[in-house]
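Heads up, the thing below is written out as structure tokens.
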Amino acid sequence: MGLNILVVDDSLVMRHMIIKTLRLSGLPVNELHQASNGLEGLQAIESHWIDLALVDLNMPIMDGEEMIGRIRSNPETVDLPIIVVSSEGSETRISELKKQGVEFVHKPFTPEGLRQTVFNMTGVGDGDRSEDRTL
Amino acid sequence: MEIDLKTELYNAAMRTFENLTMMLPSDVFDDKQEAAEVKATVTLQFTGQIRGRLVVSICGDILPEIAENMLGEDSPPDTKVQLDALGEIANVICGNVLPCICGTRAVLRISAPEVLENPTTAMRCFGTPAASVKVGLEEGRADLYLYFDSAATTKEQ
């Protein structure tokens, strides 16, 4: 059984790049859902069973930090594995996010880096595939 | 410590274009690249310890190929998606250059990218850029301009 993954990013191009990376990474992916901001992301979580969310930070309407805060304050989603995929470079901001149990992947990312982080968060995947191309 | 803004902006741009667009950016231009006209421009603002904006222009007919490469598709996407690709490039460059300027402990917010329909007019209002660089890409180039609203450009650490 594969993972149901939610990708939240205001850039359609970046969502496609992340989804393509996930599909090529060898990870067992079942359903892939997309959202273009935090509010849409929360709605997707209410509507579908999600095993993992990959979330950008800087988004209109609702940013990633607020979305993650709401996920963590909801008893039904408090343990949802979340990976922040962002160009954010502030260690202060990243550290605050990690306190909420999220992992961080910096843009531009490598397929191997993203795949390994997904593996670390979910325990799903064989952990030994490698691709060198950076995205 | 004195920060070489131009070098930091150039390095962030080179890394981002190389990694996101699968193109080999260059700092050497041929006549065609030099003469390429601006085809699309986006800007995004940042606020926090420092305030300002980054402007990224694509010159020459290379934006369709850039977007195509980013998506890994065989044909160029429509104009809206091409501009989305340019906005994401600007976002990643900005996210990577700001910690080099302010230090990694500073917290800055980056706005959503905005397309500039009349970049020449708009950029007159932005004042004089603190740094600008040009990056050669295939048969065109990217022009980048970094503006600050204040002069605070020192690292915290």
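Residues in the structure tokens are numbered from 1 in each chain, the chains being A, B, ... in the order shown, and ligands are numbered from 1 in the order shown.
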
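Residues of range 19-64 of chain A carrying a DSSP assignment of strand (DSSP E or B), computed from the backbone, are Val29, Asn30, Glu31, Leu32, His33, Gln34, Ala35, Leu52, Ala53, Leu54 and Val55 of chain A.
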
With a distance cut-off of 7 Å and only C-alpha atoms, select the neighbouring residues of Ala67 in chain B, excluding the residue or stretch itself and same-chain residues fewer than 6 positions from it, and output the selection as a VMD selection string.
chain B and resid 76 to 77 82 85

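Between Pro99 in chain B and the residues B:Gly87, B:Pro119, B:Gly48, B:Pro25, the shortest atom-to-atom distance, using only C-alpha atoms, involves B:Gly48.
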
Which residues of chain A sit at most 10 Å from chain B, using only C-alpha atoms? Give each one's shortest atom pair and distance in Å (one decimal place), in chain and ascending residue order, as a tab-separated table.
residue	atom	partner	partner_atom	distance
A:Asp10	CA	B:Ala112	CA	8.4
A:Ser11	CA	B:Asp84	CA	6.1
A:Leu12	CA	B:Asp84	CA	7.0
A:Val13	CA	B:Ala85	CA	5.7
A:Met14	CA	B:Glu88	CA	7.2
A:Arg15	CA	B:Leu71	CA	9.4
A:His16	CA	B:Leu71	CA	6.4
A:Met17	CA	B:Leu71	CA	6.0
A:Ile18	CA	B:Leu71	CA	9.8
A:Lys20	CA	B:Leu71	CA	8.3
A:Leu57	CA	B:Ile110	CA	9.6
A:Asn58	CA	B:Ile110	CA	6.6
A:Met59	CA	B:Ala112	CA	6.7
A:Pro60	CA	B:Ala112	CA	6.8
A:Ser86	CA	B:Val92	CA	8.1
A:Ser87	CA	B:Gly95	CA	4.8
A:Glu88	CA	B:Gly95	CA	5.3
A:Gly89	CA	B:Pro99	CA	5.7
A:Ser90	CA	B:Thr104	CA	4.6
A:Glu91	CA	B:Thr104	CA	5.3
A:Thr92	CA	B:Arg105	CA	5.2
A:Arg93	CA	B:Val107	CA	6.5
A:Ile94	CA	B:Arg105	CA	9.7
A:Ser95	CA	B:Arg105	CA	9.9
A:His106	CA	B:Asn96	CA	9.4
A:Lys107	CA	B:Val92	CA	6.5
A:Pro108	CA	B:Asn19	CA	6.6
A:Phe109	CA	B:Asn19	CA	8.3
A:Thr110	CA	B:Asn19	CA	8.8
A:Arg133	CA	B:Asn19	CA	7.9
A:Thr134	CA	B:Asn19	CA	5.3
A:Leu135	CA	B:Leu20	CA	5.1

Export C-alpha atoms of the chosen residues as a CSV table (one decimal), in the first residue's frame?
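Output below, filename out-v3.csv:
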chain,number,residue,atom,x,y,z
A,10,ASP,CA,1.6,28.3,-4.5
A,11,SER,CA,3.8,27.6,-7.5
A,12,LEU,CA,2.2,25.1,-9.9
A,13,VAL,CA,5.6,24.5,-11.4
A,14,MET,CA,7.2,23.7,-8.1
A,15,ARG,CA,4.3,21.3,-7.2
A,16,HIS,CA,4.9,19.5,-10.5
A,17,MET,CA,8.6,19.3,-9.8
A,18,ILE,CA,8.0,17.8,-6.3
A,20,LYS,CA,7.7,14.3,-10.5
A,57,LEU,CA,6.2,28.4,3.8
A,58,ASN,CA,5.6,31.6,1.9
A,59,MET,CA,2.1,31.3,0.3
A,60,PRO,CA,-0.8,33.7,-0.1
A,86,SER,CA,11.1,25.9,1.1
A,87,SER,CA,13.9,28.3,0.1
A,88,GLU,CA,13.8,29.7,3.7
A,89,GLY,CA,17.3,30.3,5.0
A,90,SER,CA,16.5,31.5,8.5
A,91,GLU,CA,17.8,29.0,11.1
A,92,THR,CA,15.6,30.8,13.6
A,93,ARG,CA,12.4,30.1,11.6
A,94,ILE,CA,13.5,26.5,10.7
A,95,SER,CA,14.3,25.8,14.3
A,106,HIS,CA,15.8,23.4,1.3
A,107,LYS,CA,15.1,24.6,-2.3
A,108,PRO,CA,16.7,23.8,-4.7
A,109,PHE,CA,16.6,20.2,-3.5
A,110,THR,CA,18.0,17.0,-4.8
A,133,ARG,CA,20.2,15.6,-10.3
A,134,THR,CA,19.5,18.7,-8.2
A,135,LEU,CA,16.1,20.3,-8.5

Could you work out how far CA of Gly64 in chain A lies from CA of Glu31 in chain A, giving the answer in Å with one decimal?
21.3 Å

So the first atom is CA of Met1 in chain A and the second is CA of Asp51 in chain A; what is the distance between them in Å, to one decimal place?
11.3 Å

Please provide as number ranges by chain all residues within 8 Å of range 129-132 of chain B, with the sequence filter that same-chain residues fewer than 2 positions apart are discarded (counting only C-alpha atoms).
B: 5-6, 9, 126-127, 134, 143-148

Now that the selection is made, can you save its residues with C-alpha atoms as a PDB file, in the first residue's frame?
ATOM      1  CA  LEU B   5      26.237  41.972  -2.558  1.00  0.00           C
ATOM      2  CA  LYS B   6      26.955  41.502  -6.232  1.00  0.00           C
ATOM      3  CA  LEU B   9      23.464  37.707  -5.731  1.00  0.00           C
ATOM      4  CA  PHE B 126      12.306  51.425  -6.944  1.00  0.00           C
ATOM      5  CA  GLY B 127      15.330  53.754  -7.008  1.00  0.00           C
ATOM      6  CA  LYS B 134      23.512  39.546 -15.522  1.00  0.00           C
ATOM      7  CA  ASP B 143      19.038  40.398 -15.328  1.00  0.00           C
ATOM      8  CA  LEU B 144      18.720  40.635 -11.562  1.00  0.00           C
ATOM      9  CA  TYR B 145      18.365  43.753  -9.420  1.00  0.00           C
ATOM     10  CA  LEU B 146      18.420  43.869  -5.633  1.00  0.00           C
ATOM     11  CA  TYR B 147      16.898  46.922  -3.944  1.00  0.00           C
ATOM     12  CA  PHE B 148      16.885  47.889  -0.276  1.00  0.00           C
TER      13      PHE B 148
END

Would you pick out the contacts of Ala44 in chain A at 8 Å or less, using only C-alpha atoms, so that residues sharing its chain but fewer than 6 positions from it are not included, and give the list as JSON, numbers by chain?
{"A": [6, 33, 34, 35]}

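CA of Leu22 in chain A sits 7.7 Å away from CA of Pro111 in chain A.
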
Let me make sure I understand: among B:Ile50, B:Cys59, B:Leu44, B:Leu24, which one has the smallest atom-to-atom distance to Arg141 in chain B if we use only C-alpha atoms?
B:Cys59

Check the smallest atom-to-atom distance from each of A:Ile83, A:Leu97, A:Met67, A:Val105 to Ala53 in chain A using only C-alpha atoms, then report the winner.
A:Ile83

Could you pull out the helix (DSSP H, G or I) residues of range 19-146 of chain B, going by DSSP on the backbone, and write them as a ChimeraX atom specification?
/B:19-21,31-35,63-71,79-102,119-126

With N, CA and C atoms kept, could you save the residues just selected as a tab-separated table (two decimals), in the first residue's frame?
chain	number	residue	atom	x	y	z
B	19	ASN	N	20.43	24.64	-11.10
B	19	ASN	CA	19.71	23.53	-10.47
B	19	ASN	C	18.26	23.42	-10.89
B	20	LEU	N	17.60	24.54	-11.09
B	20	LEU	CA	16.16	24.50	-11.40
B	20	LEU	C	15.89	24.38	-12.90
B	21	THR	N	16.72	25.02	-13.72
B	21	THR	CA	16.38	25.11	-15.15
B	21	THR	C	17.16	24.13	-16.01
B	31	ASP	N	27.08	38.35	-28.68
B	31	ASP	CA	26.34	39.54	-29.14
B	31	ASP	C	24.83	39.35	-29.01
B	32	LYS	N	24.37	38.11	-29.34
B	32	LYS	CA	22.93	37.85	-29.29
B	32	LYS	C	22.40	37.94	-27.86
B	33	GLN	N	23.15	37.37	-26.94
B	33	GLN	CA	22.74	37.43	-25.54
B	33	GLN	C	22.75	38.88	-25.03
B	34	GLU	N	23.78	39.61	-25.45
B	34	GLU	CA	23.92	41.00	-25.00
B	34	GLU	C	22.76	41.85	-25.51
B	35	ALA	N	22.31	41.56	-26.75
B	35	ALA	CA	21.27	42.38	-27.37
B	35	ALA	C	19.85	41.93	-27.03
B	63	LEU	N	12.27	31.94	-21.92
B	63	LEU	CA	11.39	31.56	-20.81
B	63	LEU	C	10.59	30.29	-21.11
B	64	PRO	N	10.09	30.09	-22.35
B	64	PRO	CA	9.39	28.83	-22.63
B	64	PRO	C	10.26	27.60	-22.35
B	65	GLU	N	11.53	27.67	-22.74
B	65	GLU	CA	12.43	26.54	-22.52
B	65	GLU	C	12.74	26.35	-21.04
B	66	ILE	N	12.88	27.47	-20.34
B	66	ILE	CA	13.12	27.39	-18.89
B	66	ILE	C	11.98	26.64	-18.20
B	67	ALA	N	10.74	27.06	-18.52
B	67	ALA	CA	9.58	26.43	-17.89
B	67	ALA	C	9.46	24.96	-18.30
B	68	GLU	N	9.72	24.71	-19.57
B	68	GLU	CA	9.67	23.33	-20.09
B	68	GLU	C	10.67	22.45	-19.33
B	69	ASN	N	11.87	22.95	-19.14
B	69	ASN	CA	12.89	22.19	-18.42
B	69	ASN	C	12.50	21.95	-16.97
B	70	MET	N	11.94	22.98	-16.33
B	70	MET	CA	11.57	22.83	-14.93
B	70	MET	C	10.49	21.77	-14.76
B	71	LEU	N	9.57	21.73	-15.72
B	71	LEU	CA	8.48	20.76	-15.64
B	71	LEU	C	8.90	19.39	-16.16
B	79	THR	N	1.73	30.72	-21.18
B	79	THR	CA	2.43	31.89	-20.63
B	79	THR	C	2.27	32.00	-19.12
B	80	LYS	N	1.07	31.69	-18.62
B	80	LYS	CA	0.84	31.80	-17.17
B	80	LYS	C	1.79	30.89	-16.39
B	81	VAL	N	1.96	29.68	-16.91
B	81	VAL	CA	2.85	28.73	-16.22
B	81	VAL	C	4.31	29.16	-16.38
B	82	GLN	N	4.64	29.73	-17.53
B	82	GLN	CA	6.00	30.24	-17.73
B	82	GLN	C	6.32	31.33	-16.70
B	83	LEU	N	5.36	32.20	-16.46
B	83	LEU	CA	5.58	33.27	-15.48
B	83	LEU	C	5.63	32.71	-14.06
B	84	ASP	N	4.86	31.66	-13.82
B	84	ASP	CA	4.92	30.98	-12.52
B	84	ASP	C	6.32	30.41	-12.30
B	85	ALA	N	6.89	29.84	-13.36
B	85	ALA	CA	8.25	29.29	-13.27
B	85	ALA	C	9.25	30.41	-12.94
B	86	LEU	N	9.10	31.55	-13.60
B	86	LEU	CA	10.00	32.68	-13.34
B	86	LEU	C	9.83	33.18	-11.90
B	87	GLY	N	8.59	33.21	-11.44
B	87	GLY	CA	8.34	33.62	-10.06
B	87	GLY	C	9.00	32.69	-9.06
B	88	GLU	N	8.96	31.40	-9.33
B	88	GLU	CA	9.58	30.44	-8.41
B	88	GLU	C	11.10	30.58	-8.43
B	89	ILE	N	11.65	30.84	-9.61
B	89	ILE	CA	13.10	31.07	-9.69
B	89	ILE	C	13.47	32.28	-8.83
B	90	ALA	N	12.72	33.36	-8.96
B	90	ALA	CA	12.98	34.56	-8.17
B	90	ALA	C	12.87	34.27	-6.68
B	91	ASN	N	11.86	33.49	-6.32
B	91	ASN	CA	11.65	33.13	-4.91
B	91	ASN	C	12.84	32.35	-4.35
B	92	VAL	N	13.33	31.40	-5.11
B	92	VAL	CA	14.46	30.58	-4.63
B	92	VAL	C	15.74	31.42	-4.56
B	93	ILE	N	15.96	32.27	-5.56
B	93	ILE	CA	17.14	33.15	-5.51
B	93	ILE	C	17.08	34.04	-4.28
B	94	CYS	N	15.91	34.64	-4.05
B	94	CYS	CA	15.75	35.55	-2.91
B	94	CYS	C	15.96	34.81	-1.59
B	95	GLY	N	15.36	33.63	-1.48
B	95	GLY	CA	15.50	32.84	-0.25
B	95	GLY	C	16.93	32.43	0.02
B	96	ASN	N	17.71	32.28	-1.04
B	96	ASN	CA	19.10	31.86	-0.87
B	96	ASN	C	20.06	33.03	-0.67
B	97	VAL	N	19.70	34.20	-1.18
B	97	VAL	CA	20.63	35.33	-1.06
B	97	VAL	C	20.46	36.08	0.26
B	98	LEU	N	19.24	36.11	0.79
B	98	LEU	CA	19.01	36.92	2.00
B	98	LEU	C	19.83	36.46	3.21
B	99	PRO	N	19.94	35.15	3.48
B	99	PRO	CA	20.77	34.74	4.62
B	99	PRO	C	22.24	35.13	4.45
B	100	CYS	N	22.69	35.25	3.21
B	100	CYS	CA	24.08	35.67	2.97
B	100	CYS	C	24.26	37.13	3.35
B	101	ILE	N	23.17	37.89	3.30
B	101	ILE	CA	23.23	39.33	3.59
B	101	ILE	C	22.97	39.59	5.07
B	102	CYS	N	21.95	38.94	5.60
B	102	CYS	CA	21.48	39.25	6.97
B	102	CYS	C	21.97	38.26	8.01
B	119	PRO	N	8.17	46.99	-16.71
B	119	PRO	CA	9.30	46.96	-15.76
B	119	PRO	C	10.13	48.23	-15.74
B	120	THR	N	10.32	48.85	-16.90
B	120	THR	CA	11.17	50.06	-16.94
B	120	THR	C	10.58	51.15	-16.07
B	121	THR	N	9.27	51.36	-16.23
B	121	THR	CA	8.59	52.38	-15.43
B	121	THR	C	8.61	52.01	-13.95
B	122	ALA	N	8.28	50.76	-13.67
B	122	ALA	CA	8.21	50.32	-12.27
B	122	ALA	C	9.56	50.45	-11.59
B	123	MET	N	10.61	50.07	-12.30
B	123	MET	CA	11.93	50.05	-11.66
B	123	MET	C	12.47	51.46	-11.41
B	124	ARG	N	11.95	52.44	-12.15
B	124	ARG	CA	12.32	53.83	-11.86
B	124	ARG	C	11.86	54.21	-10.45
B	125	CYS	N	10.71	53.67	-10.08
B	125	CYS	CA	10.15	53.98	-8.75
B	125	CYS	C	10.92	53.26	-7.64
B	126	PHE	N	11.60	52.19	-7.98
B	126	PHE	CA	12.31	51.42	-6.94
B	126	PHE	C	13.61	52.10	-6.54

If you count only C-alpha atoms, which residues fall within 12 Å of Gln43 in chain A, apart from same-chain ones fewer than 4 positions away, as an MDAnalysis selection string?
chainID A and resid 6 8 33:39 47:50 62 67 70:71
